[in-house]
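Peer 1: Sharing query_15.tsv (TSV, C-alpha atoms) below.
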chain	number	residue	atom	x	y	z
A	1	MET	CA	-14.15	20.89	-83.48
A	2	ASP	CA	-11.95	22.96	-81.16
A	3	ALA	CA	-11.02	22.03	-77.61
A	4	ILE	CA	-13.36	24.59	-76.05
A	5	ASN	CA	-16.43	23.11	-77.74
A	6	ASN	CA	-15.38	19.47	-77.36
A	7	PRO	CA	-17.04	18.09	-74.19
A	8	ASN	CA	-14.54	15.22	-74.08
A	9	THR	CA	-11.54	17.52	-73.80
A	10	ILE	CA	-9.93	17.56	-70.35
A	11	MET	CA	-8.92	21.11	-69.53
A	12	PRO	CA	-5.60	21.48	-67.74
A	13	ARG	CA	-5.64	22.51	-64.10
A	14	ASN	CA	-3.24	25.21	-62.95
A	15	LEU	CA	-1.83	25.59	-59.47
A	16	ASP	CA	-1.76	29.09	-58.05
A	17	VAL	CA	1.79	29.93	-56.94
A	18	GLY	CA	0.43	32.37	-54.36
A	19	LEU	CA	-1.60	29.59	-52.74
A	20	LEU	CA	1.42	27.30	-52.74
A	21	ARG	CA	3.42	30.05	-51.06
A	22	THR	CA	0.75	30.20	-48.34
A	23	LEU	CA	0.93	26.43	-47.83
A	24	ILE	CA	4.71	26.66	-47.43
A	25	ALA	CA	4.41	29.49	-44.90
A	26	VAL	CA	1.89	27.60	-42.76
A	27	ALA	CA	4.02	24.43	-42.90
A	28	ASP	CA	7.15	26.36	-41.90
A	29	CYS	CA	5.47	28.33	-39.12
A	30	GLY	CA	3.38	25.49	-37.71
A	31	SER	CA	0.35	27.74	-37.27
A	32	MET	CA	-1.90	29.92	-39.38
A	33	SER	CA	-1.60	32.87	-37.01
A	34	THR	CA	2.20	32.95	-37.29
A	35	ALA	CA	2.00	32.48	-41.07
A	36	ALA	CA	-0.47	35.36	-41.23
A	37	SER	CA	2.02	37.62	-39.45
A	38	ARG	CA	4.82	36.57	-41.80
A	39	LEU	CA	2.71	37.17	-44.93
A	40	HIS	CA	1.10	40.35	-43.56
A	41	MET	CA	-2.39	38.87	-43.91
A	42	THR	CA	-5.23	38.04	-41.54
A	43	GLN	CA	-5.59	34.53	-40.17
A	44	GLY	CA	-8.96	34.28	-41.92
A	45	ALA	CA	-7.37	35.09	-45.26
A	46	ILE	CA	-4.73	32.41	-44.71
A	47	SER	CA	-7.43	29.85	-43.92
A	48	GLN	CA	-9.39	30.79	-47.06
A	49	ARG	CA	-6.30	30.45	-49.24
A	50	ILE	CA	-5.60	26.96	-47.89
A	51	LYS	CA	-9.23	25.99	-48.57
A	52	ARG	CA	-8.91	27.29	-52.15
A	53	LEU	CA	-5.79	25.20	-52.66
A	54	GLU	CA	-7.56	22.14	-51.25
A	55	THR	CA	-10.46	22.76	-53.62
A	56	SER	CA	-8.20	23.13	-56.64
A	57	THR	CA	-6.29	19.92	-55.83
A	58	GLY	CA	-9.26	17.95	-54.53
A	59	LEU	CA	-7.21	16.96	-51.49
A	60	VAL	CA	-7.27	17.63	-47.76
A	61	LEU	CA	-3.88	19.21	-47.22
A	62	MET	CA	-3.94	20.39	-43.63
A	63	GLU	CA	-5.32	19.32	-40.27
A	64	ARG	CA	-6.14	22.03	-37.76
A	65	ASP	CA	-6.52	21.74	-33.98
A	66	GLN	CA	-5.76	23.70	-30.84
A	67	LEU	CA	-2.07	22.83	-31.15
A	68	GLY	CA	-1.73	24.45	-34.57
A	69	ALA	CA	-1.84	23.33	-38.18
A	70	ARG	CA	-0.19	20.17	-39.53
A	71	LEU	CA	0.12	18.83	-43.05
A	72	THR	CA	-1.72	15.66	-43.97
A	73	PRO	CA	0.22	12.99	-45.92
A	74	ALA	CA	-1.17	14.56	-49.11
A	75	GLY	CA	0.01	17.96	-47.92
A	76	GLU	CA	3.48	16.58	-47.24
A	77	ARG	CA	3.65	15.16	-50.76
A	78	LEU	CA	2.63	18.51	-52.23
A	79	LEU	CA	4.98	20.56	-50.03
A	80	ALA	CA	8.26	19.43	-51.63
A	81	SER	CA	6.95	20.12	-55.13
A	82	ALA	CA	5.45	23.40	-53.97
A	83	ARG	CA	8.86	24.58	-52.79
A	84	GLN	CA	10.38	23.70	-56.15
A	85	MET	CA	7.61	25.49	-58.03
A	86	VAL	CA	7.84	28.64	-55.91
A	87	ASP	CA	11.64	28.68	-56.21
A	88	LEU	CA	11.37	28.30	-60.01
A	89	ASN	CA	8.76	31.07	-60.14
A	90	ASP	CA	11.04	33.40	-58.18
A	91	ALA	CA	14.07	32.48	-60.28
A	92	ILE	CA	12.21	33.23	-63.51
A	93	LEU	CA	11.01	36.58	-62.21
A	94	ALA	CA	14.55	37.41	-61.05
A	95	THR	CA	15.82	36.99	-64.61
A	96	LEU	CA	13.18	39.44	-65.82
A	97	THR	CA	13.72	42.01	-63.09
A	98	PRO	CA	16.55	44.55	-63.11
A	99	ALA	CA	19.26	43.62	-60.62
A	100	LEU	CA	18.92	45.26	-57.24
A	101	SER	CA	21.71	47.51	-56.05
A	102	GLY	CA	22.46	49.73	-53.09
A	103	ARG	CA	23.47	49.15	-49.49
A	104	VAL	CA	21.82	47.21	-46.69
A	105	ARG	CA	22.78	47.75	-43.05
A	106	LEU	CA	22.04	44.58	-41.07
A	107	GLY	CA	22.05	44.48	-37.28
A	108	VAL	CA	22.75	41.08	-35.73
A	109	PRO	CA	23.19	39.89	-32.10
A	110	HIS	CA	26.73	38.88	-31.18
A	111	ASP	CA	25.89	35.18	-30.86
A	112	LEU	CA	24.20	34.90	-34.27
A	113	ILE	CA	26.69	36.78	-36.40
A	114	GLY	CA	29.19	33.94	-36.59
A	115	THR	CA	26.78	31.01	-36.33
A	116	HIS	CA	23.44	31.56	-38.09
A	117	LEU	CA	24.44	34.25	-40.57
A	118	PRO	CA	27.33	33.03	-42.77
A	119	PRO	CA	25.27	30.67	-45.01
A	120	MET	CA	22.58	33.32	-45.53
A	121	LEU	CA	25.09	36.04	-46.35
A	122	HIS	CA	26.81	33.76	-48.85
A	123	GLN	CA	23.51	32.99	-50.56
A	124	PHE	CA	22.49	36.65	-50.56
A	125	ALA	CA	25.77	37.71	-52.15
A	126	GLN	CA	25.31	35.12	-54.89
A	127	HIS	CA	21.79	36.29	-55.72
A	128	HIS	CA	22.38	40.03	-55.24
A	129	PRO	CA	26.02	40.78	-56.08
A	130	ASP	CA	25.31	44.49	-56.58
A	131	ILE	CA	24.03	45.04	-53.03
A	132	ASP	CA	26.64	46.01	-50.45
A	133	VAL	CA	26.05	44.62	-46.95
A	134	ALA	CA	27.23	46.33	-43.78
A	135	LEU	CA	27.00	44.35	-40.54
A	136	MET	CA	26.43	45.85	-37.10
A	137	ALA	CA	26.83	43.59	-34.07
A	138	GLY	CA	25.20	44.44	-30.76
A	139	SER	CA	22.82	43.30	-28.07
A	140	SER	CA	19.17	42.90	-29.00
A	141	HIS	CA	18.27	46.00	-26.97
A	142	GLU	CA	20.87	48.04	-28.86
A	143	LEU	CA	19.77	46.65	-32.24
A	144	ARG	CA	16.09	47.41	-31.69
A	145	ARG	CA	16.98	51.01	-30.82
A	146	ALA	CA	19.28	51.19	-33.87
A	147	TRP	CA	16.44	50.03	-36.13
A	148	GLU	CA	13.96	52.45	-34.57
A	149	SER	CA	16.42	55.33	-35.13
A	150	HIS	CA	17.11	54.20	-38.74
A	151	LYS	CA	20.76	53.39	-38.05
A	152	VAL	CA	20.20	49.93	-39.54
A	153	ASP	CA	17.81	48.89	-42.31
A	154	LEU	CA	16.88	45.59	-40.76
A	155	ALA	CA	17.77	43.75	-37.59
A	156	LEU	CA	17.53	40.35	-35.97
A	157	VAL	CA	16.66	40.57	-32.29
A	158	GLU	CA	16.34	37.94	-29.57
A	159	GLU	CA	13.53	38.37	-27.06
A	160	PRO	CA	11.49	36.22	-24.66
A	161	ALA	CA	8.96	34.14	-26.55
A	162	GLY	CA	5.54	35.77	-26.43
A	163	ALA	CA	6.88	39.08	-25.10
A	164	ASP	CA	5.07	42.19	-26.32
A	165	VAL	CA	8.13	44.37	-26.86
A	166	GLY	CA	7.18	46.07	-30.11
A	167	PRO	CA	6.91	45.38	-33.83
A	168	GLY	CA	8.65	42.42	-35.39
A	169	GLU	CA	8.14	39.24	-37.38
A	170	LEU	CA	8.77	35.89	-35.69
A	171	LEU	CA	11.38	33.85	-37.56
A	172	SER	CA	12.30	31.13	-35.08
A	173	LEU	CA	11.73	29.87	-31.55
A	174	GLU	CA	14.97	28.93	-29.81
A	175	GLN	CA	15.91	27.38	-26.48
A	176	PRO	CA	18.61	29.01	-24.31
A	177	VAL	CA	20.87	26.59	-22.45
A	178	TRP	CA	23.63	26.75	-19.89
A	179	VAL	CA	27.09	26.15	-21.35
A	180	GLY	CA	30.42	25.34	-19.75
A	181	ALA	CA	33.89	24.08	-20.55
A	182	ALA	CA	34.14	20.54	-21.89
A	183	GLY	CA	34.50	18.43	-18.75
A	184	GLY	CA	34.61	21.59	-16.63
A	185	ARG	CA	33.40	22.20	-13.08
A	186	ALA	CA	32.60	25.92	-13.04
A	187	TRP	CA	28.90	25.04	-12.80
A	188	SER	CA	29.47	23.51	-9.34
A	189	ARG	CA	31.10	26.57	-7.76
A	190	ARG	CA	29.25	28.94	-5.43
A	191	PRO	CA	28.69	31.72	-5.93
A	192	LEU	CA	28.14	30.55	-9.51
A	193	PRO	CA	30.57	32.37	-11.86
A	194	VAL	CA	28.56	33.70	-14.81
A	195	CYS	CA	29.84	35.43	-17.93
A	196	LEU	CA	27.46	37.03	-20.42
A	197	VAL	CA	28.35	38.93	-23.58
A	198	SER	CA	27.48	42.40	-22.26
A	199	ASP	CA	25.60	44.27	-19.55
A	200	THR	CA	22.70	44.66	-21.99
A	201	CYS	CA	22.67	40.97	-22.93
A	202	VAL	CA	19.07	39.90	-23.51
A	203	PHE	CA	19.64	36.76	-21.40
A	204	ARG	CA	20.77	38.65	-18.28
A	205	GLN	CA	17.34	39.24	-16.75
A	206	PRO	CA	16.01	35.66	-17.19
A	207	VAL	CA	19.35	34.23	-16.01
A	208	ASP	CA	19.28	36.37	-12.86
A	209	ALA	CA	15.61	35.54	-12.25
A	210	ALA	CA	16.08	31.80	-12.75
A	211	LEU	CA	19.06	31.69	-10.41
A	212	ARG	CA	17.25	33.70	-7.72
A	213	GLN	CA	14.23	31.40	-7.92
A	214	ALA	CA	16.52	28.36	-7.62
A	215	GLY	CA	18.31	29.92	-4.63
A	216	ILE	CA	21.69	29.92	-6.39
A	217	ALA	CA	24.01	32.82	-5.59
A	218	ALA	CA	25.96	34.11	-8.59
A	219	ARG	CA	28.72	36.54	-9.45
A	220	THR	CA	29.79	38.22	-12.68
A	221	VAL	CA	33.28	37.17	-13.76
A	222	ILE	CA	34.23	40.10	-16.02
A	223	ASP	CA	32.83	43.61	-16.13
A	224	TYR	CA	32.48	43.95	-19.89
A	225	ALA	CA	32.73	40.98	-22.18
A	226	SER	CA	32.62	40.35	-25.91
A	227	MET	CA	31.69	37.15	-27.72
A	228	GLU	CA	35.36	36.22	-27.97
A	229	ALA	CA	36.07	37.05	-24.30
A	230	THR	CA	32.98	35.16	-23.15
A	231	THR	CA	33.94	32.08	-25.18
A	232	ALA	CA	37.51	32.16	-23.86
A	233	THR	CA	36.34	32.57	-20.26
A	234	VAL	CA	33.95	29.62	-20.52
A	235	GLN	CA	36.49	27.44	-22.33
A	236	ALA	CA	38.97	28.12	-19.52
A	237	ASP	CA	36.38	26.83	-17.03
A	238	LEU	CA	36.32	30.19	-15.27
A	239	ALA	CA	32.56	30.62	-15.68
A	240	VAL	CA	29.36	29.35	-17.26
A	241	SER	CA	27.22	31.26	-19.71
A	242	ALA	CA	23.77	31.13	-21.31
A	243	TRP	CA	23.50	30.80	-25.10
A	244	LEU	CA	20.93	29.64	-27.61
A	245	ALA	CA	21.37	25.90	-28.07
A	246	SER	CA	21.82	26.40	-31.83
A	247	THR	CA	24.86	28.66	-31.30
A	248	VAL	CA	26.88	26.47	-28.92
A	249	PRO	CA	30.19	25.37	-30.51
A	250	ALA	CA	31.44	21.79	-30.28
A	251	THR	CA	34.26	22.96	-27.99
A	252	LEU	CA	31.79	23.69	-25.17
A	253	ASP	CA	29.37	21.49	-23.24
A	254	ILE	CA	25.65	22.07	-22.89
A	255	LEU	CA	24.98	21.62	-19.17
A	256	GLY	CA	22.08	19.29	-18.45
A	257	HIS	CA	19.75	18.82	-15.49
A	258	ASP	CA	22.48	17.04	-13.54
A	259	SER	CA	24.30	20.37	-13.21
A	260	GLY	CA	21.54	21.62	-10.94
A	261	LEU	CA	21.18	24.83	-12.95
A	262	PRO	CA	17.59	25.98	-13.54
A	263	PRO	CA	15.92	25.81	-16.97
A	264	LEU	CA	15.70	29.02	-18.98
A	265	PRO	CA	12.60	30.26	-20.87
A	266	PRO	CA	12.37	29.95	-24.67
A	267	TYR	CA	13.34	32.88	-26.86
A	268	ALA	CA	12.16	34.19	-30.22
A	269	ILE	CA	14.35	35.44	-33.04
A	270	THR	CA	12.45	38.35	-34.53
A	271	LEU	CA	12.99	40.28	-37.75
A	272	LEU	CA	12.67	44.06	-38.03
A	273	ALA	CA	12.84	45.29	-41.62
A	274	GLY	CA	12.18	48.42	-43.65
A	275	ASP	CA	10.40	48.61	-47.00
A	276	ALA	CA	13.27	49.40	-49.41
A	277	PRO	CA	13.63	46.78	-52.20
A	278	ALA	CA	17.17	45.79	-51.22
A	279	THR	CA	16.11	45.49	-47.57
A	280	GLN	CA	13.12	43.34	-48.49
A	281	ALA	CA	15.37	41.11	-50.60
A	282	MET	CA	17.52	40.40	-47.56
A	283	ALA	CA	14.44	39.94	-45.37
A	284	ALA	CA	13.20	37.28	-47.81
A	285	CYS	CA	16.57	35.53	-47.65
A	286	LEU	CA	16.45	35.52	-43.84
A	287	ARG	CA	12.92	34.08	-43.85
A	288	GLN	CA	14.00	31.27	-46.16
A	289	MET	CA	17.05	30.50	-44.03
A	290	TYR	CA	15.10	30.21	-40.78
A	291	ALA	CA	12.35	28.22	-42.50
A	292	ARG	CA	14.96	25.71	-43.66
A	293	ARG	CA	16.51	25.55	-40.17
A	294	THR	CA	13.09	24.91	-38.64
A	295	ASN	CA	12.38	22.09	-41.11
A	296	GLN	CA	15.77	20.48	-40.46
A	297	LEU	CA	15.15	20.45	-36.70
A	298	GLN	CA	11.70	18.89	-36.97
Spit out the file's structure as structure tokens when you get a sec.
Peer 2:
Amino acid sequence: MDAINNPNTIMPRNLDVGLLRTLIAVADCGSMSTAASRLHMTQGAISQRIKRLETSTGLVLMERDQLGARLTPAGERLLASARQMVDLNDAILATLTPALSGRVRLGVPHDLIGTHLPPMLHQFAQHHPDIDVALMAGSSHELRRAWESHKVDLALVEEPAGADVGPGELLSLEQPVWVGAAGGRAWSRRPLPVCLVSDTCVFRQPVDAALRQAGIAARTVIDYASMEATTATVQADLAVSAWLASTVPATLDILGHDSGLPPLPPYAITLLAGDAPATQAMAACLRQMYARRTNQLQ
């Protein structure tokens, strides 16, 4: 008697890699709506895929409330194995797929190019040695215009969280902070000396608004800065600056509430990417990098 006709035979169950990929996206994003944007699906479709995975495993994997979506203990147990299975799936397919080649032009804000990007670029070069990468540094305003005019193939931009500034895929929510020299006193001077990377720096408007609301007079220390000039100016205790907390080097201090400087609003790191295969390969690498960073910070 064969297995199909034997009622005592236990048929193997197979996990759908696509459903596991959805679970990972929701876990990384913390909400189904954000995961839907990342996967280019509707929120309803994401919810249905999670339900299908729960049905196939016989487990409740996710709890949903007004604050978002959180994994249950069973979901947490599945998540680590799901990542391994998806990675193995992608690695197998990579061995069967012709190597990608070509050139990718990546636009990156000044503060991210030397902090967030090096690990990703190293990983990308290992997986796609035949793709040449050209980096363009600029302010987020400049990079969005460069992407819209096809001067770069994909770009990372920083923008106020929740701002409706155009197309883009949310990768990470970040908190800007005030920074100063280690043990410095520039924060106590009035008018407050402020140094930002450029006149088009995406932090300039919220910095100016926060200082006005707090009644703190300020002055610009240098007319046109660069990342290196800004860092040197702050290290010399000639000014303070505003950076994402994740980009502040150990040589500078994050200024707390005792400095009297007002809090700054959260910012989003958003991805703009074209459809070319090499561009999408880098976009996938960026998504993985920011997903890992988010998990490490939780």
Peer 1: Kindly extract all protein, DNA and RNA residues lying within 9 Å of the coordinates (16.3, 46.0, -51.4) given in the file, considering all atoms listed in the file, and supply them as a PyMOL selection string.
Peer 2: chain A and resi 100-104+131+275-283
Peer 1: With 5 Å on each side, where is the centre of the axis-aligned box around all listed atoms of region 101-112 of chain A, and how long are its edges in Å to one decimal, as AutoDock Vina command-line options?
Peer 2:
--center_x 24.2 --center_y 42.3 --center_z -43.5 --size_x 15.0 --size_y 24.8 --size_z 35.2
Peer 1: Can you list every residue of region 237-285 of chain A that has an atom at most 8 Å from region 210-231 of chain A, with its nearest atom pair and the distance in Å to one decimal, using only C-alpha atoms, ordered by chain then number, as a Markdown table?
Peer 2:
| residue | atom | partner | partner_atom | distance |
| --- | --- | --- | --- | --- |
| A:Leu238 | CA | A:Val221 | CA | 7.8 |
| A:Ala239 | CA | A:Val221 | CA | 6.9 |
| A:Ser241 | CA | A:Thr230 | CA | 7.8 |
| A:Leu261 | CA | A:Leu211 | CA | 7.6 |
| A:Pro262 | CA | A:Ala210 | CA | 6.1 |
| A:Pro263 | CA | A:Ala210 | CA | 7.3 |
| A:Leu264 | CA | A:Ala210 | CA | 6.8 |
Peer 1: Name the residues, using the chain letters and numbers of the file, that sit within 8 Å of (16.0, 29.3, -24.0) when counting only C-alpha atoms, and give them as a PyMOL selection string.
Peer 2: chain A and resi 174-177+243-245+263-267
Peer 1: Which residues come within 10 Å of Leu143 (chain A), counting only C-alpha atoms, excluding same-chain residues fewer than 2 positions away, as a PyMOL selection string?
Peer 2: chain A and resi 106-109+136-141+145-149+151-152+154-158+272
Peer 1: Quick one: which region 136-219 of chain A residues come within 12 Å of region 32-56 of chain A, and what is the nearest atom pair for each with the distance in Å to one decimal, counting all atoms listed in the file, rows ordered by chain and ascending number, as a Markdown table?
Peer 2:
| residue | atom | partner | partner_atom | distance |
| --- | --- | --- | --- | --- |
| A:Gly162 | CA | A:Thr34 | CA | 11.7 |
| A:Pro167 | CA | A:Ser37 | CA | 10.8 |
| A:Gly168 | CA | A:Ser37 | CA | 9.1 |
| A:Glu169 | CA | A:Arg38 | CA | 6.1 |
| A:Leu170 | CA | A:Arg38 | CA | 7.3 |
| A:Leu171 | CA | A:Arg38 | CA | 8.3 |
| A:Ser172 | CA | A:Thr34 | CA | 10.5 |
| A:Leu173 | CA | A:Thr34 | CA | 11.5 |
Peer 1: Which polymer residues have any atom within 12 Å of an atom of Asp87 (chain A), counting all atoms listed in the file, with same-chain residues fewer than 6 positions away left out, as a ChimeraX atom specification?
Peer 2: /A:17-18,20-21,24,80-81,93-94,288
Peer 1: To one decimal place, how far is CA of Pro206 (chain A) from CA of Ala268 (chain A) in Å?
Peer 2: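 Here the two named atoms are 13.7 Å from each other.
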Peer 1: Please measure the separation of CA of Thr233 (chain A) and CA of Asp258 (chain A), giving the value in Å to one decimal.
Peer 2: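 Interatomic distance, CA of Thr233 (chain A) to CA of Asp258 (chain A): 21.9 Å.
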